[in-house]
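Everything below concerns the one structure shown next.
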Amino acid sequence: MLEPLRQGLPPIDPSAVAGSASCTLPARYEAVGGARRFTRTTLCSWDLGDRFDDVALVVSELVTNALRHALPSEAARERQDNAVRLHLMRWSSRLVCAVRDPSERGPVAGEAPDSAESGRGLFLVESFSDSWGWHPSPVPAGDSSTDGGIGKVVWALFRLTDHPAPIPECVSLDAFPDAL
C-alpha cells in the first residue's frame with residue numbers, strides 16, 4: 001500500500017512507522033463523524049492535535065467519496081457494512097491518511113459550478129494535503145464484503161515539521177468503542 005507514496009519524497013521505510021491506526025467504517029454517512037472522532041483521538045495520542053483541522057477535512061472528504069461513489073446503492077449496503085477502512089500512518093516527517101474501499105474505479109476530480117453544493121472534495125484534498133493519489137489494492141483475504149475482488153486505496157500525505165516521533169504504538173478502534 002505504501003509504494004505509490006514516494007512521489008518526490010525520500011523513500012518510506014515501512015519498518016520506520018512511528019504509529020499506525022485503522023478502523024473499519026460502516027457503510028452509512030454517519031461513519032464520517034466517527035472517522036473524524038477516530039482521527040482526533042489518534043492524532044492527539046501522537047501529539048499531532050494541531051494538525052487535526054486539515055487532516056480531519058481530508059479524512060471527511062475521502063470517507064464521503066468512498067461511501068458515495070464506491071459502494072452500491074442503499075439496498076445493497078447492508079451486505080457491505082464493513083467495506084470501507086480508514087488507515088492513519090505516521091513517520092517522523094509525514095502522516096498518511098488512506099481510505100480503502102471495494103471499488104476498482106479511481107477518483108475523478110470534477111469541476112463543480114459555483115452554485116453546486118458538492119463536487120469539490122478532491123480539490124479540497126489537494127488543497128489541504130501535500131500530495132494525494134490512489135492505486136488499486138488487493139482486498140485482504142477473508143474479507144467477504146467484496147467477494148475477494150480488487151479494491152482501491154485513496155491516500156493523502158501531510159508533511160510534518162517540528163514533531164518528534166512518538167514511541168511506536170498501534171491504536172485500535174476497539175480501544176474507542178464510542179468512536180462510531
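As shown in the C-alpha cells, the chain order sets the letters A, B, ...; within each chain, residues go from 1, and ligands are also counted from 1 in the order they appear.
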What residues in segment 22-70 of chain A get the DSSP label strand (DSSP E or B)? Please answer as a PDB file with all heavy atoms, in the first residue's frame.
```pdb
ATOM      1  N   SER A  22      -6.020   2.018  12.458  1.00  0.00           N
ATOM      2  CA  SER A  22      -7.022   1.840  11.417  1.00  0.00           C
ATOM      3  C   SER A  22      -8.352   1.455  12.041  1.00  0.00           C
ATOM      4  O   SER A  22      -8.400   0.959  13.170  1.00  0.00           O
ATOM      5  CB  SER A  22      -6.579   0.789  10.398  1.00  0.00           C
ATOM      6  OG  SER A  22      -6.511  -0.480  10.992  1.00  0.00           O
ATOM      7  N   CYS A  23      -9.397   1.729  11.306  1.00  0.00           N
ATOM      8  CA  CYS A  23     -10.729   1.346  11.760  1.00  0.00           C
ATOM      9  C   CYS A  23     -11.584   1.007  10.550  1.00  0.00           C
ATOM     10  O   CYS A  23     -11.379   1.535   9.465  1.00  0.00           O
ATOM     11  CB  CYS A  23     -11.371   2.439  12.611  1.00  0.00           C
ATOM     12  SG  CYS A  23     -11.765   3.958  11.741  1.00  0.00           S
ATOM     13  N   THR A  24     -12.503   0.122  10.761  1.00  0.00           N
ATOM     14  CA  THR A  24     -13.485  -0.232   9.752  1.00  0.00           C
ATOM     15  C   THR A  24     -14.687   0.669   9.955  1.00  0.00           C
ATOM     16  O   THR A  24     -15.115   0.902  11.081  1.00  0.00           O
ATOM     17  CB  THR A  24     -13.889  -1.712   9.896  1.00  0.00           C
ATOM     18  OG1 THR A  24     -12.714  -2.506   9.744  1.00  0.00           O
ATOM     19  CG2 THR A  24     -14.901  -2.104   8.853  1.00  0.00           C
ATOM     20  N   LEU A  25     -15.217   1.179   8.867  1.00  0.00           N
ATOM     21  CA  LEU A  25     -16.330   2.106   8.939  1.00  0.00           C
ATOM     22  C   LEU A  25     -17.588   1.479   8.352  1.00  0.00           C
ATOM     23  O   LEU A  25     -17.527   0.842   7.304  1.00  0.00           O
ATOM     24  CB  LEU A  25     -15.994   3.385   8.156  1.00  0.00           C
ATOM     25  CG  LEU A  25     -14.755   4.131   8.656  1.00  0.00           C
ATOM     26  CD1 LEU A  25     -14.345   5.196   7.650  1.00  0.00           C
ATOM     27  CD2 LEU A  25     -15.027   4.747  10.012  1.00  0.00           C
TER      28      LEU A  25
END
```
Residue neighbourhood Ala98 of chain A, 10 Å, only C-alpha atoms, exclusion window fewer than 4 positions, as a compact mmCIF listing (two decimals) with N, CA and C atoms, in the first residue's frame:
```txt
# COMPACT_ATOMS: atom_id res chain seq x y z
N MET A 1 0.81 -1.18 0.00
CA MET A 1 0.00 0.00 0.00
C MET A 1 0.87 1.26 0.00
N LEU A 2 2.10 1.18 0.42
CA LEU A 2 2.92 2.38 0.58
C LEU A 2 3.71 2.76 -0.67
N SER A 22 -6.02 2.02 12.46
CA SER A 22 -7.02 1.84 11.42
C SER A 22 -8.35 1.46 12.04
N VAL A 58 -9.65 16.36 5.21
CA VAL A 58 -9.27 15.41 4.17
C VAL A 58 -9.88 14.04 4.44
N VAL A 59 -9.81 13.58 5.68
CA VAL A 59 -10.41 12.29 6.05
C VAL A 59 -11.91 12.32 5.72
N LEU A 62 -12.36 11.99 1.92
CA LEU A 62 -12.03 10.66 1.40
C LEU A 62 -13.08 9.62 1.80
N VAL A 63 -13.53 9.68 3.04
CA VAL A 63 -14.54 8.72 3.50
C VAL A 63 -15.87 8.99 2.80
N ARG A 85 -12.43 1.19 4.97
CA ARG A 85 -11.48 1.15 6.07
C ARG A 85 -10.60 2.39 6.03
N LEU A 86 -10.43 3.04 7.17
CA LEU A 86 -9.58 4.23 7.31
C LEU A 86 -8.27 3.82 7.96
N HIS A 87 -7.16 4.22 7.36
CA HIS A 87 -5.83 3.95 7.90
C HIS A 87 -5.12 5.28 8.13
N LEU A 88 -4.49 5.44 9.28
CA LEU A 88 -3.64 6.58 9.58
C LEU A 88 -2.26 6.03 9.90
N MET A 89 -1.23 6.53 9.23
CA MET A 89 0.14 6.08 9.46
C MET A 89 1.03 7.29 9.66
N TRP A 132 -1.64 13.69 -2.90
CA TRP A 132 -2.65 12.65 -2.77
C TRP A 132 -2.62 11.80 -4.03
N GLY A 133 -3.22 10.65 -3.95
CA GLY A 133 -3.28 9.76 -5.10
C GLY A 133 -4.11 8.54 -4.76
N TRP A 134 -4.07 7.59 -5.64
CA TRP A 134 -4.82 6.35 -5.41
C TRP A 134 -4.12 5.24 -6.17
N LYS A 152 -9.58 -0.36 -4.06
CA LYS A 152 -8.59 0.69 -4.25
C LYS A 152 -8.30 1.36 -2.91
N VAL A 153 -7.20 2.07 -2.87
CA VAL A 153 -6.83 2.89 -1.72
C VAL A 153 -6.63 4.31 -2.24
N VAL A 154 -7.31 5.25 -1.62
CA VAL A 154 -7.11 6.67 -1.92
C VAL A 154 -6.40 7.25 -0.71
N TRP A 155 -5.28 7.93 -0.94
CA TRP A 155 -4.46 8.38 0.17
C TRP A 155 -4.13 9.87 0.03
N ALA A 156 -3.79 10.45 1.16
CA ALA A 156 -3.32 11.84 1.21
C ALA A 156 -2.13 11.89 2.16
N LEU A 157 -1.12 12.63 1.78
CA LEU A 157 0.10 12.73 2.57
C LEU A 157 0.25 14.15 3.12
```
Please report the interatomic distance between atom CA of Gly151 of chain A and atom CA of Glu104 of chain A in Å with one decimal. 5.0 Å
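Here atom CA of Arg40 of chain A and atom CA of Phe52 of chain A stand 6.2 Å from one another.
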Show me, as a PyMOL selection string, the residues that have an atom within 10 Å of Arg105 of chain A when counting only C-alpha atoms, minus same-chain residues fewer than 3 positions from it. chain A and resi 69-70+101-102+108+134-136+151-152
